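Report on the following structure.
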Amino acid sequence: MIDLRTLREDPDRLRASQRARGEDDSVVETLLDLDERRRGALSRFETLRAEQKSVGKSVSRASGDEKAALLGRAKDLAAQVRSAEAEAEKLGAELEDLLYTVPNVVEEGTPPGGEDDYVVIEEVGEKPAFDFAPKDHLELGELLGAIDIERGAKVSGSRFFFLKGAGARLQLGLLNMAMQQAIEAGFVPMIPPVLVKPESMKGTGFLGAHASEVYHLAEDDLFLVGTSEVPMAAYHADEILDASALPYRYAGWSSCFRREAGSYGKDTRGIIRVHQFDKVEMFSYCRPEDAREEHRRLLDWERQMLAKAELPYRIIDTAAGDLGTSAARKFDCEAWVPTQGRYREVTSTSNCTDFQARRLAVRFRDPGGGTRPVATLNGTLATTRWIVAILENHQRADGSVVVPVALRPYVGLDVLEPVK
RNA sequence: GGUGGAGUCGCCUAGUGGCCGAGGGCGCACGCCUCGAAAGCGUGUGAUGGGGCAACCUAUCCGUGGGUUCAAAUCCCACCUCCACCGCCA
C-alpha cells in the first residue's frame with residue numbers, strides 16, 4: 001500500500017506512476033479528498049470523546065441533582081460520540097478500500113507501457129546450433145521417461161503432470177543446487193506453509209487485480225500460494241525488525257499453485273504453464289534506501305544460477321504496465337527455448353519497496369527515532385520450468401540430454417538417457 | 001471433532017465497573033557513585049492515527065469482533081490462537 005503522507009506531499013509522483021502503468025490517475029484526487037474528510041471527522045470525534053471522558057469522570061464525583069444533570073449531559077455526549085466515531089470509521093474504511101486498489105509507485109527509470117514495452121538489458125551466452133532437428137521438451141521428457149503429462153491429466157486434469165525418474169532427479173538436483181547457492185550466500189533456508197490466511201494473501205498484493213489466479217479453499221478460507229514470496233513476506237508481519245541485522249534474507253522452497261484462469265489456449269503443450277510447480281525463491285527485507293542495490297544483487301544471484309545451468313538467456317526490464325501490484329521494478333531473466341525460437345521467463349525479481357511491508361506492518365526501528373516500514377524484494381533461483389530450457393538446450397541427436405557440469409553432483413547423472 | 005485451562009507494555013506479572021490516564025519486577029537506555037567496572041541509587045522506557053516548525057498535545061490499542069453502561073482490561077455473546085487430555089487419522 002502506498003504512503004498517504006508521501007501522497008499528500010507529492011501527488012504528482014503517483015499521477016505519473018499511474019499513467020506509466022496505463023492506469024487511471026484520477027484516483028489521486030479521490031484519495032486526497034477522502035483523506036481530508038477522514039481527518040476532519042477524526043478530529044471531531046476526538047474532541048467529543050475527550051469531553052465525554054471528562055464529563056464521565058465528574059459523574060462519579062457528583063451527587064443528587066447535580067449528578068442527574070451530569071448524567072443527562074453524559075448520555076447526550078455518548079450518542080454524539082457514537083455517531084462521530086461511526087462517521088470517522090466509515091470514511092477510514094472507504095479510504096482503505098480505495099488505497100488497497102492502488103498499485104505501487106513505479107521506480108524511476110522503469111520503461112512505461114505494457115507487456116510488449118520491455119527493454120532488453122543484456123543477452124548472455126550462445127544459443128545452441130543443432131545439426132539435427134531439435135525435439136521439444138515434452139518429446140524429450142517422454143523419451144527420457146522424465147515427464148508424464150497424460151497421467152497427470154488422468155489423475156488431476158489439464159496442466160498437471162508427473163515428474164518421474166530422470167525428471168524428478170533433475171528437479172530435485174536443480175532446486176537443491178539453488179538452495180545450496182542461497183545458503184552459501186547467507187540466506188536462511190525456509191520451507192514455508194503453502195496454505196495461507198486471507199490477510200497474508202492480501203498483504204502481499206495478490207488479492208487485487210489478480211485474485212482469479214489464486215486457488216481458494218472456501219471451507220477453511222485459506223489460499224494456496226502461487227509463490228513462497230507470500231508466506232515469506234507475511235513471516236515477519238506485525239513485527240519490528242532489528243535494524244542492525246538487516247537485510248534479512250530467506251530462501252524458500254515450496255510448491256506453487258496457479259489457476260491460470262486467463263490463459264486458456266496459451267502454452268498448452270508441456271510443462272511451461274502448469275497449475276502446480278516447485279520453486280526456490282529468494283526473499284529480502286532491507287532498508288528502503290538499500291532496496292535498489294539489493295534488487296541488483298538478487299539479479300546477480302539469478303545470473304549465477306543460469307550460468308551453472310549453462311543456459312543462454314536475456315534480461316529484460318519489465319514495463320510499468322506489466323508489473324505486479326506490489327512491484328516498483330521488475331527484471332526477468334528469460335532462457336532461450338530452441339524449439340520455440342524465443343526466450344521464455346525463468347526468473348523474475350521484484351523490488352516491492354515498502355508497499356508490502358506497509359500492508360503487513362513489517363517495520364524496523366530507525367535510529368533517528370520511530371519506526372519505518374522495511375522494503376521487501378523477491379527473486380527466483382530455480383523452478384520446474386527450468387527443466388524445459390535445460391532439456392532443450394542440452395539435447396543431443398539421439399534424444400539424450402547432457403547434464404550441466406555444476407548440476408551433476410546434485411542430479412547424480414552426467415547424461416540423461418532415453419528409456420525403452 | 002469433544003472437554004478443560006490460558007491469552008495484559010520486549011519478557012514475567014498485578015489488576016472483579018469510575019482512584020487503570022494500566023501498577024510492580026526483569027531487561028534496556030541515560031545519569032549519579034567509581035581510577036574503571038560490578039553492586040547500589042535515581043530517571044526514563046510501547047504501538048498506531050491526527051494536530052504542531054518544534055518541545056509537545058490528542059485519540060485509539062489489555063487475543064479478535066460485537067454487546068450492556070454516562071463509564072469496560074474488568075460484565076455478556078461469538079470467534080481466534082496456544083497448552084493439556086480424549087476421539088479420529090496420514
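All residue names refer to the C-alpha cells as shown: chains lettered A, B, ... in order, residues numbered from 1 in each chain, ligands numbered from 1 in order.
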Excluding same-chain residues fewer than 5 positions from Ala218 of chain A, what lies within 12 Å of it counting only C-alpha atoms (C1' of nucleotides), as a PyMOL selection string?
chain A and resi 197-198+223-224
Write out as a PDB file with N, CA and C atoms (P, O5', C5', C4', C3', O3' and C1' of nucleotides), in the first residue's frame each polymer residue whose atoms come within 12 Å of G15 of chain B, counting only C-alpha atoms (C1' of nucleotides); drop sequence neighbours fewer than 5 positions from it.
```pdb
ATOM      1  P     U B   8      -0.777 -11.940  27.538  1.00  0.00           P
ATOM      2  O5'   U B   8      -1.562 -10.671  28.050  1.00  0.00           O
ATOM      3  C5'   U B   8      -2.047  -9.711  27.112  1.00  0.00           C
ATOM      4  C4'   U B   8      -2.135  -8.360  27.753  1.00  0.00           C
ATOM      5  C3'   U B   8      -0.814  -7.752  28.181  1.00  0.00           C
ATOM      6  O3'   U B   8      -0.147  -7.114  27.109  1.00  0.00           O
ATOM      7  C1'   U B   8      -2.386  -7.529  29.934  1.00  0.00           C
ATOM      8  P     C B  20      -5.439   4.450  39.511  1.00  0.00           P
ATOM      9  O5'   C B  20      -5.677   4.055  37.998  1.00  0.00           O
ATOM     10  C5'   C B  20      -5.634   4.995  36.969  1.00  0.00           C
ATOM     11  C4'   C B  20      -5.894   4.277  35.669  1.00  0.00           C
ATOM     12  C3'   C B  20      -7.371   4.051  35.381  1.00  0.00           C
ATOM     13  O3'   C B  20      -7.607   4.313  34.006  1.00  0.00           O
ATOM     14  C1'   C B  20      -6.209   1.997  35.332  1.00  0.00           C
ATOM     15  P     A B  22      -2.141   4.694  31.551  1.00  0.00           P
ATOM     16  O5'   A B  22      -2.892   3.656  32.503  1.00  0.00           O
ATOM     17  C5'   A B  22      -2.670   3.631  33.910  1.00  0.00           C
ATOM     18  C4'   A B  22      -2.523   2.202  34.368  1.00  0.00           C
ATOM     19  C3'   A B  22      -1.116   1.619  34.221  1.00  0.00           C
ATOM     20  O3'   A B  22      -0.308   1.938  35.324  1.00  0.00           O
ATOM     21  C1'   A B  22      -2.703   0.101  33.354  1.00  0.00           C
ATOM     22  P     G B  23       1.107   2.547  35.233  1.00  0.00           P
ATOM     23  O5'   G B  23       1.754   2.112  36.595  1.00  0.00           O
ATOM     24  C5'   G B  23       1.190   2.543  37.831  1.00  0.00           C
ATOM     25  C4'   G B  23       1.334   1.467  38.873  1.00  0.00           C
ATOM     26  C3'   G B  23       2.657   0.704  38.851  1.00  0.00           C
ATOM     27  O3'   G B  23       3.708   1.422  39.473  1.00  0.00           O
ATOM     28  C1'   G B  23       0.908  -0.848  38.969  1.00  0.00           C
ATOM     29  P     G B  24       5.195   1.266  39.001  1.00  0.00           P
ATOM     30  O5'   G B  24       5.580  -0.185  39.533  1.00  0.00           O
ATOM     31  C5'   G B  24       5.560  -0.465  40.932  1.00  0.00           C
ATOM     32  C4'   G B  24       5.841  -1.930  41.167  1.00  0.00           C
ATOM     33  C3'   G B  24       7.110  -2.456  40.518  1.00  0.00           C
ATOM     34  O3'   G B  24       8.260  -2.163  41.285  1.00  0.00           O
ATOM     35  C1'   G B  24       5.344  -3.950  40.068  1.00  0.00           C
ATOM     36  P     C B  62      -7.625  -3.231  24.109  1.00  0.00           P
ATOM     37  O5'   C B  62      -6.312  -3.745  24.846  1.00  0.00           O
ATOM     38  C5'   C B  62      -5.537  -4.829  24.321  1.00  0.00           C
ATOM     39  C4'   C B  62      -5.038  -5.674  25.462  1.00  0.00           C
ATOM     40  C3'   C B  62      -6.098  -6.594  26.069  1.00  0.00           C
ATOM     41  O3'   C B  62      -5.567  -7.893  26.184  1.00  0.00           O
ATOM     42  C1'   C B  62      -5.183  -5.163  27.738  1.00  0.00           C
ATOM     43  P     A B  73     -11.190  -0.593  29.346  1.00  0.00           P
ATOM     44  O5'   A B  73     -10.228  -1.849  29.467  1.00  0.00           O
ATOM     45  C5'   A B  73     -10.244  -2.848  28.451  1.00  0.00           C
ATOM     46  C4'   A B  73      -9.796  -4.172  29.011  1.00  0.00           C
ATOM     47  C3'   A B  73     -10.824  -4.867  29.894  1.00  0.00           C
ATOM     48  O3'   A B  73     -11.693  -5.658  29.150  1.00  0.00           O
ATOM     49  C1'   A B  73      -8.712  -4.820  30.982  1.00  0.00           C
ATOM     50  P     U B  74     -13.217  -5.818  29.530  1.00  0.00           P
ATOM     51  O5'   U B  74     -13.223  -6.252  31.072  1.00  0.00           O
ATOM     52  C5'   U B  74     -12.794  -7.553  31.479  1.00  0.00           C
ATOM     53  C4'   U B  74     -12.815  -7.602  32.983  1.00  0.00           C
ATOM     54  C3'   U B  74     -14.219  -7.538  33.577  1.00  0.00           C
ATOM     55  O3'   U B  74     -14.346  -8.502  34.600  1.00  0.00           O
ATOM     56  C1'   U B  74     -12.853  -5.780  34.447  1.00  0.00           C
TER      57        U B  74
END
```
Using the chain letters and numbers from this document, which residues of segment 105-151 of chain A does DSSP assign to helix (DSSP H, G or I), as a ChimeraX atom specification?
/A:115-117,137-143,149-151
Would you list which chain A residues are within 10 Å of chain B using only C-alpha atoms (C1' of nucleotides), as a PyMOL selection string?
chain A and resi 38-40+42-43+45-47+49-50+52-53+55-61+70-78+370-371
Write a file of the just-selected residues containing N, CA and C atoms, as a short mmCIF file (atom, residue, chain, number, x, y, z; two decimals), in the first residue's frame.
```cif
data_model
loop_
_atom_site.label_atom_id
_atom_site.label_comp_id
_atom_site.auth_asym_id
_atom_site.auth_seq_id
_atom_site.Cartn_x
_atom_site.Cartn_y
_atom_site.Cartn_z
N ARG A 38 -11.71 12.41 6.07
CA ARG A 38 -11.48 11.47 7.16
C ARG A 38 -10.79 12.17 8.33
N ARG A 39 -9.79 12.98 8.04
CA ARG A 39 -9.07 13.65 9.11
C ARG A 39 -9.97 14.64 9.86
N GLY A 40 -10.86 15.30 9.11
CA GLY A 40 -11.81 16.21 9.75
C GLY A 40 -12.72 15.45 10.70
N LEU A 42 -12.20 12.62 12.08
CA LEU A 42 -11.41 12.08 13.18
C LEU A 42 -11.23 13.13 14.28
N SER A 43 -10.95 14.34 13.88
CA SER A 43 -10.71 15.36 14.89
C SER A 43 -12.01 15.75 15.59
N PHE A 45 -14.44 13.64 16.20
CA PHE A 45 -14.64 12.53 17.14
C PHE A 45 -13.75 12.68 18.37
N GLU A 46 -12.48 13.02 18.13
CA GLU A 46 -11.53 13.12 19.25
C GLU A 46 -11.94 14.18 20.26
N THR A 47 -12.40 15.32 19.75
CA THR A 47 -12.83 16.40 20.64
C THR A 47 -14.01 15.96 21.50
N ARG A 49 -14.95 12.92 22.20
CA ARG A 49 -14.55 11.80 23.07
C ARG A 49 -13.82 12.33 24.31
N ALA A 50 -12.96 13.33 24.12
CA ALA A 50 -12.24 13.91 25.24
C ALA A 50 -13.21 14.54 26.23
N GLN A 52 -16.40 13.69 26.58
CA GLN A 52 -17.16 12.61 27.20
C GLN A 52 -16.39 12.01 28.38
N LYS A 53 -15.10 11.84 28.18
CA LYS A 53 -14.30 11.24 29.24
C LYS A 53 -14.29 12.13 30.48
N VAL A 55 -16.51 14.49 31.36
CA VAL A 55 -17.84 14.53 31.98
C VAL A 55 -18.11 13.22 32.73
N GLY A 56 -17.74 12.13 32.12
CA GLY A 56 -17.92 10.82 32.75
C GLY A 56 -17.26 10.76 34.12
N LYS A 57 -16.05 11.30 34.18
CA LYS A 57 -15.33 11.34 35.45
C LYS A 57 -16.11 12.11 36.51
N SER A 58 -16.65 13.27 36.11
CA SER A 58 -17.33 14.10 37.11
C SER A 58 -18.65 13.47 37.57
N VAL A 59 -19.22 12.59 36.77
CA VAL A 59 -20.45 11.89 37.19
C VAL A 59 -20.19 11.13 38.49
N SER A 60 -19.06 10.46 38.52
CA SER A 60 -18.79 9.61 39.68
C SER A 60 -18.53 10.43 40.95
N ARG A 61 -18.11 11.69 40.75
CA ARG A 61 -17.82 12.52 41.92
C ARG A 61 -19.04 13.27 42.41
N LEU A 70 -25.65 15.95 35.20
CA LEU A 70 -24.44 15.49 34.51
C LEU A 70 -24.70 14.21 33.74
N LEU A 71 -25.52 13.35 34.34
CA LEU A 71 -25.84 12.08 33.68
C LEU A 71 -26.54 12.33 32.35
N GLY A 72 -27.47 13.31 32.38
CA GLY A 72 -28.17 13.66 31.15
C GLY A 72 -27.20 14.14 30.09
N ARG A 73 -26.32 15.01 30.50
CA ARG A 73 -25.30 15.56 29.60
C ARG A 73 -24.42 14.43 29.05
N ALA A 74 -24.05 13.52 29.93
CA ALA A 74 -23.17 12.41 29.54
C ALA A 74 -23.85 11.50 28.50
N LYS A 75 -25.15 11.24 28.74
CA LYS A 75 -25.87 10.38 27.79
C LYS A 75 -25.92 11.02 26.42
N ASP A 76 -26.16 12.32 26.45
CA ASP A 76 -26.21 13.09 25.22
C ASP A 76 -24.88 12.97 24.46
N LEU A 77 -23.81 13.17 25.20
CA LEU A 77 -22.47 13.10 24.61
C LEU A 77 -22.17 11.71 24.06
N ALA A 78 -22.60 10.70 24.81
CA ALA A 78 -22.33 9.33 24.39
C ALA A 78 -22.90 9.09 23.00
N GLY A 370 11.41 6.39 16.21
CA GLY A 370 10.24 5.92 15.50
C GLY A 370 10.51 4.68 14.66
N THR A 371 9.48 4.22 13.99
CA THR A 371 9.61 3.03 13.15
C THR A 371 9.30 3.40 11.71
#
```
Would you mind listing what lies within 8 Å of segment 75-89 of chain B as a ChimeraX atom specification, with only C-alpha atoms (C1' of nucleotides) counted and same-chain residues fewer than 3 positions away left out?
/B:1-7,17,63-68,72
So that I can check the surroundings of Val402 of chain A, please list as a list in words every protein, DNA and RNA residue that reaches within 7 Å of it, counting only C-alpha atoms (C1' of nucleotides) and ignoring chain neighbours fewer than 5 positions away.
His394, Gln395, Asp414, Val415 and Leu416 of chain A
Hey, can you spit out that residue selection with all heavy atoms as a PDB file, in the first residue's frame?
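Writing the result to result35.pdb gives the following:
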```
ATOM      1  N   HIS A 394      20.327 -28.666 -23.984  1.00  0.00           N
ATOM      2  CA  HIS A 394      21.426 -29.617 -23.813  1.00  0.00           C
ATOM      3  C   HIS A 394      21.145 -30.976 -24.445  1.00  0.00           C
ATOM      4  O   HIS A 394      21.787 -31.959 -24.127  1.00  0.00           O
ATOM      5  CB  HIS A 394      21.747 -29.775 -22.315  1.00  0.00           C
ATOM      6  CG  HIS A 394      22.157 -28.480 -21.670  1.00  0.00           C
ATOM      7  ND1 HIS A 394      23.101 -27.653 -22.212  1.00  0.00           N
ATOM      8  CD2 HIS A 394      21.712 -27.846 -20.564  1.00  0.00           C
ATOM      9  CE1 HIS A 394      23.252 -26.563 -21.449  1.00  0.00           C
ATOM     10  NE2 HIS A 394      22.405 -26.657 -20.451  1.00  0.00           N
ATOM     11  N   GLN A 395      20.189 -31.021 -25.369  1.00  0.00           N
ATOM     12  CA  GLN A 395      19.845 -32.295 -26.010  1.00  0.00           C
ATOM     13  C   GLN A 395      20.868 -32.666 -27.088  1.00  0.00           C
ATOM     14  O   GLN A 395      21.552 -31.794 -27.647  1.00  0.00           O
ATOM     15  CB  GLN A 395      18.452 -32.219 -26.625  1.00  0.00           C
ATOM     16  CG  GLN A 395      18.335 -31.208 -27.766  1.00  0.00           C
ATOM     17  CD  GLN A 395      16.946 -31.203 -28.384  1.00  0.00           C
ATOM     18  OE1 GLN A 395      16.512 -32.239 -28.922  1.00  0.00           O
ATOM     19  NE2 GLN A 395      16.256 -30.081 -28.257  1.00  0.00           N
ATOM     20  N   ASP A 414      25.502 -37.804 -15.381  1.00  0.00           N
ATOM     21  CA  ASP A 414      26.156 -36.891 -16.318  1.00  0.00           C
ATOM     22  C   ASP A 414      25.296 -36.674 -17.552  1.00  0.00           C
ATOM     23  O   ASP A 414      25.320 -35.616 -18.170  1.00  0.00           O
ATOM     24  CB  ASP A 414      27.508 -37.471 -16.765  1.00  0.00           C
ATOM     25  CG  ASP A 414      28.511 -37.508 -15.615  1.00  0.00           C
ATOM     26  OD1 ASP A 414      28.158 -37.007 -14.527  1.00  0.00           O
ATOM     27  OD2 ASP A 414      29.613 -38.047 -15.814  1.00  0.00           O
ATOM     28  N   VAL A 415      24.590 -37.720 -17.904  1.00  0.00           N
ATOM     29  CA  VAL A 415      23.742 -37.676 -19.101  1.00  0.00           C
ATOM     30  C   VAL A 415      22.410 -38.355 -18.778  1.00  0.00           C
ATOM     31  O   VAL A 415      22.384 -39.381 -18.104  1.00  0.00           O
ATOM     32  CB  VAL A 415      24.426 -38.417 -20.282  1.00  0.00           C
ATOM     33  CG1 VAL A 415      23.502 -38.426 -21.500  1.00  0.00           C
ATOM     34  CG2 VAL A 415      25.771 -37.787 -20.620  1.00  0.00           C
ATOM     35  N   LEU A 416      21.327 -37.753 -19.255  1.00  0.00           N
ATOM     36  CA  LEU A 416      20.023 -38.412 -19.142  1.00  0.00           C
ATOM     37  C   LEU A 416      19.798 -39.198 -20.425  1.00  0.00           C
ATOM     38  O   LEU A 416      19.844 -38.627 -21.516  1.00  0.00           O
ATOM     39  CB  LEU A 416      18.909 -37.366 -18.959  1.00  0.00           C
ATOM     40  CG  LEU A 416      19.141 -36.279 -17.892  1.00  0.00           C
ATOM     41  CD1 LEU A 416      17.930 -35.360 -17.805  1.00  0.00           C
ATOM     42  CD2 LEU A 416      19.449 -36.899 -16.531  1.00  0.00           C
TER      43      LEU A 416
END
```
Quick check for you: according to DSSP on this backbone, which residues of segment 97-263 of chain A are classed as strand (DSSP E)? Reply as a CSV table (one decimal) with N, CA, C and O atoms, in the first residue's frame.
```csv
chain,number,residue,atom,x,y,z
A,119,VAL,N,12.4,-3.5,-22.0
A,119,VAL,CA,13.6,-3.1,-22.6
A,119,VAL,C,14.6,-4.3,-22.3
A,119,VAL,O,14.7,-4.7,-21.2
A,120,VAL,N,15.3,-4.7,-23.4
A,120,VAL,CA,16.3,-5.8,-23.2
A,120,VAL,C,17.6,-5.2,-22.6
A,120,VAL,O,18.1,-4.3,-23.2
A,121,ILE,N,18.0,-5.7,-21.5
A,121,ILE,CA,19.2,-5.1,-20.8
A,121,ILE,C,20.4,-5.8,-21.3
A,121,ILE,O,21.5,-5.2,-21.5
A,122,GLU,N,20.4,-7.1,-21.5
A,122,GLU,CA,21.6,-7.8,-21.9
A,122,GLU,C,21.2,-9.2,-22.4
A,122,GLU,O,20.2,-9.8,-21.9
A,123,GLU,N,22.0,-9.7,-23.4
A,123,GLU,CA,21.8,-11.1,-23.8
A,123,GLU,C,23.1,-11.8,-23.4
A,123,GLU,O,24.2,-11.3,-23.6
A,124,VAL,N,22.9,-13.0,-22.8
A,124,VAL,CA,24.1,-13.7,-22.3
A,124,VAL,C,24.1,-15.1,-22.8
A,124,VAL,O,23.1,-15.8,-22.9
A,147,ILE,N,8.9,-36.9,-17.9
A,147,ILE,CA,7.7,-36.2,-17.8
A,147,ILE,C,6.5,-37.0,-18.3
A,147,ILE,O,6.6,-37.5,-19.4
A,148,ASP,N,5.5,-37.1,-17.5
A,148,ASP,CA,4.3,-37.9,-17.9
A,148,ASP,C,3.0,-36.9,-17.8
A,148,ASP,O,2.5,-36.8,-16.7
A,162,PHE,N,3.3,-35.5,-14.1
A,162,PHE,CA,4.2,-36.2,-13.1
A,162,PHE,C,5.6,-36.0,-13.6
A,162,PHE,O,5.8,-36.1,-14.8
A,163,LEU,N,6.5,-35.7,-12.7
A,163,LEU,CA,7.9,-35.8,-13.0
A,163,LEU,C,8.3,-37.1,-12.4
A,163,LEU,O,8.0,-37.5,-11.3
A,188,VAL,N,18.9,-17.7,4.8
A,188,VAL,CA,18.3,-18.7,5.7
A,188,VAL,C,17.3,-19.6,4.9
A,188,VAL,O,16.4,-19.1,4.4
A,189,PRO,N,17.6,-20.9,4.8
A,189,PRO,CA,16.7,-21.7,4.1
A,189,PRO,C,15.4,-21.9,4.8
A,189,PRO,O,15.4,-21.9,6.0
A,190,MET,N,14.3,-22.0,4.0
A,190,MET,CA,13.0,-22.0,4.7
A,190,MET,C,12.1,-22.9,3.8
A,190,MET,O,12.1,-22.8,2.6
A,195,LEU,N,-0.4,-23.0,2.4
A,195,LEU,CA,-1.8,-22.5,2.6
A,195,LEU,C,-1.7,-21.4,3.5
A,195,LEU,O,-1.1,-21.4,4.6
A,196,VAL,N,-2.3,-20.2,3.1
A,196,VAL,CA,-2.2,-19.0,4.0
A,196,VAL,C,-3.5,-18.4,4.1
A,196,VAL,O,-4.5,-18.6,3.4
A,215,TYR,N,-5.9,-20.1,-6.0
A,215,TYR,CA,-6.8,-21.1,-5.5
A,215,TYR,C,-7.3,-20.7,-4.1
A,215,TYR,O,-6.5,-20.3,-3.3
A,216,HIS,N,-8.5,-20.9,-3.9
A,216,HIS,CA,-9.1,-20.6,-2.6
A,216,HIS,C,-9.8,-21.8,-2.0
A,216,HIS,O,-10.6,-22.4,-2.8
A,217,LEU,N,-9.6,-22.2,-0.8
A,217,LEU,CA,-10.3,-23.3,-0.2
A,217,LEU,C,-11.4,-22.7,0.7
A,217,LEU,O,-11.2,-22.2,1.8
A,222,LEU,N,-8.8,-20.5,3.3
A,222,LEU,CA,-7.3,-20.5,3.1
A,222,LEU,C,-7.0,-20.4,1.6
A,222,LEU,O,-7.8,-20.9,0.8
A,223,PHE,N,-5.9,-19.8,1.3
A,223,PHE,CA,-5.4,-19.7,-0.1
A,223,PHE,C,-4.2,-20.5,-0.3
A,223,PHE,O,-3.3,-20.6,0.5
A,224,LEU,N,-4.1,-21.2,-1.5
A,224,LEU,CA,-2.9,-21.9,-1.9
A,224,LEU,C,-2.0,-20.8,-2.5
A,224,LEU,O,-2.4,-20.1,-3.4
A,239,GLU,N,5.7,-7.2,13.0
A,239,GLU,CA,6.9,-7.2,13.8
A,239,GLU,C,7.8,-6.0,13.5
A,239,GLU,O,7.7,-5.3,12.5
A,240,ILE,N,8.6,-5.6,14.5
A,240,ILE,CA,9.6,-4.6,14.3
A,240,ILE,C,11.0,-5.3,14.3
A,240,ILE,O,11.4,-5.9,15.2
A,241,LEU,N,11.6,-5.2,13.1
A,241,LEU,CA,12.9,-5.9,12.9
A,241,LEU,C,14.1,-5.2,13.5
A,241,LEU,O,14.0,-4.0,13.7
A,248,TYR,N,17.5,-9.1,6.2
A,248,TYR,CA,17.1,-10.4,6.5
A,248,TYR,C,16.9,-11.1,5.1
A,248,TYR,O,16.2,-10.6,4.3
A,249,ARG,N,17.6,-12.2,4.9
A,249,ARG,CA,17.5,-12.9,3.6
A,249,ARG,C,17.0,-14.4,3.8
A,249,ARG,O,17.7,-15.1,4.6
A,250,TYR,N,16.0,-14.8,3.1
A,250,TYR,CA,15.5,-16.1,3.2
A,250,TYR,C,15.4,-16.7,1.9
A,250,TYR,O,15.1,-16.1,0.9
A,251,ALA,N,15.6,-18.1,1.8
A,251,ALA,CA,15.4,-18.8,0.6
A,251,ALA,C,14.3,-19.8,0.8
A,251,ALA,O,14.5,-20.7,1.6
A,252,GLY,N,13.2,-19.7,0.1
A,252,GLY,CA,12.1,-20.5,0.4
A,252,GLY,C,11.9,-21.6,-0.7
A,252,GLY,O,12.0,-21.3,-1.9
A,253,TRP,N,11.7,-22.8,-0.3
A,253,TRP,CA,11.4,-23.9,-1.3
A,253,TRP,C,10.0,-24.3,-1.1
A,253,TRP,O,9.6,-24.7,0.0
A,254,SER,N,9.2,-24.2,-2.1
A,254,SER,CA,7.8,-24.6,-2.0
A,254,SER,C,7.2,-25.0,-3.3
A,254,SER,O,7.7,-24.7,-4.4
A,255,SER,N,6.1,-25.7,-3.2
A,255,SER,CA,5.3,-25.9,-4.4
A,255,SER,C,4.5,-24.6,-4.6
A,255,SER,O,4.2,-23.9,-3.6
A,256,CYS,N,4.1,-24.3,-5.8
A,256,CYS,CA,3.4,-23.1,-6.1
A,256,CYS,C,2.1,-23.5,-6.9
A,256,CYS,O,2.2,-24.4,-7.7
A,257,PHE,N,1.0,-22.8,-6.7
A,257,PHE,CA,-0.2,-23.2,-7.3
A,257,PHE,C,-0.8,-22.0,-8.0
A,257,PHE,O,-1.0,-20.9,-7.4
```
With a distance cut-off of 10 Å and only C-alpha atoms (C1' of nucleotides), select the neighbouring residues of segment 338-340 of chain A, excluding the residue or stretch itself and same-chain residues fewer than 4 positions from it, and output the selection as a ChimeraX atom specification.
/A:127-130,133-137,344,389,392-393
List the spatial neighbours of segment 307-323 of chain A as a PyMOL selection string - criterion: any atom at most 8 Å away, only C-alpha atoms (C1' of nucleotides), same-chain residues fewer than 2 positions off excluded.
chain A and resi 20-22+106+110-127+303-305+325-336+343+389-390+393+404-407
Restrict the selected residues to C-alpha atoms and save them as a CSV table (one decimal), in the first residue's frame.
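Writing the result to selection15.csv gives the following:
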```csv
chain,number,residue,atom,x,y,z
A,20,ALA,CA,3.1,4.9,-16.8
A,21,ARG,CA,1.2,1.8,-15.8
A,22,GLY,CA,-1.7,2.8,-18.1
A,106,VAL,CA,7.0,2.6,-10.1
A,110,THR,CA,11.1,1.9,-15.4
A,111,PRO,CA,10.1,1.7,-19.1
A,112,PRO,CA,6.5,3.0,-19.5
A,113,GLY,CA,3.9,1.0,-21.3
A,114,GLY,CA,2.5,-2.6,-21.4
A,115,GLU,CA,3.6,-6.2,-21.8
A,116,ASP,CA,5.5,-5.6,-25.1
A,117,ASP,CA,7.3,-2.4,-24.0
A,118,TYR,CA,10.0,-4.2,-22.0
A,119,VAL,CA,13.6,-3.1,-22.6
A,120,VAL,CA,16.3,-5.8,-23.2
A,121,ILE,CA,19.2,-5.1,-20.8
A,122,GLU,CA,21.6,-7.8,-21.9
A,123,GLU,CA,21.8,-11.1,-23.8
A,124,VAL,CA,24.1,-13.7,-22.3
A,125,GLY,CA,25.5,-17.0,-23.6
A,126,GLU,CA,25.4,-18.7,-27.0
A,127,LYS,CA,22.3,-20.2,-28.5
A,303,ARG,CA,22.6,-14.9,-13.2
A,304,GLN,CA,24.9,-17.2,-11.2
A,305,MET,CA,22.3,-19.9,-11.3
A,325,THR,CA,0.5,-4.8,-8.0
A,326,SER,CA,3.3,-4.7,-5.4
A,327,ALA,CA,6.3,-4.2,-7.6
A,328,ALA,CA,8.0,-0.9,-8.3
A,329,ARG,CA,10.5,-2.5,-10.7
A,330,LYS,CA,11.0,-6.0,-12.1
A,331,PHE,CA,13.7,-7.7,-14.0
A,332,ASP,CA,13.0,-11.1,-15.7
A,333,CYS,CA,15.6,-13.5,-17.0
A,334,GLU,CA,14.4,-15.4,-20.0
A,335,ALA,CA,16.1,-18.5,-21.2
A,336,TRP,CA,16.3,-19.5,-24.8
A,343,TYR,CA,13.1,-16.5,-24.9
A,389,ALA,CA,15.2,-25.0,-21.0
A,390,ILE,CA,17.7,-27.5,-19.7
A,393,ASN,CA,19.3,-26.6,-24.9
A,404,PRO,CA,25.3,-29.2,-17.0
A,405,VAL,CA,28.5,-29.8,-15.1
A,406,ALA,CA,27.6,-27.8,-12.0
A,407,LEU,CA,24.4,-29.8,-11.7
```
Shell of 12 Å around C30 of chain B, only C-alpha atoms (C1' of nucleotides), local chain residues under 2 positions omitted, as a ChimeraX atom specification
/B:28,32,42-45
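Taking atom CA of Ala182 of chain A as the reference point, atom CA of Gly109 of chain A is found at 28.5 Å.
Between atom CA of Asp12 of chain A and atom CA of Val28 of chain A lies a distance of 8.6 Å.
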Looking at A:Met282, A:Leu34, A:Val388, A:Leu14, which one is nearest to Glu108 of chain A, with distances taken over only C-alpha atoms?
A:Leu14
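Comparing A:Lys154, A:Ala357, A:Ala237, A:Ser54 by their smallest distance to G21 of chain B, the closest is A:Ser54 (using only C-alpha atoms (C1' of nucleotides)).
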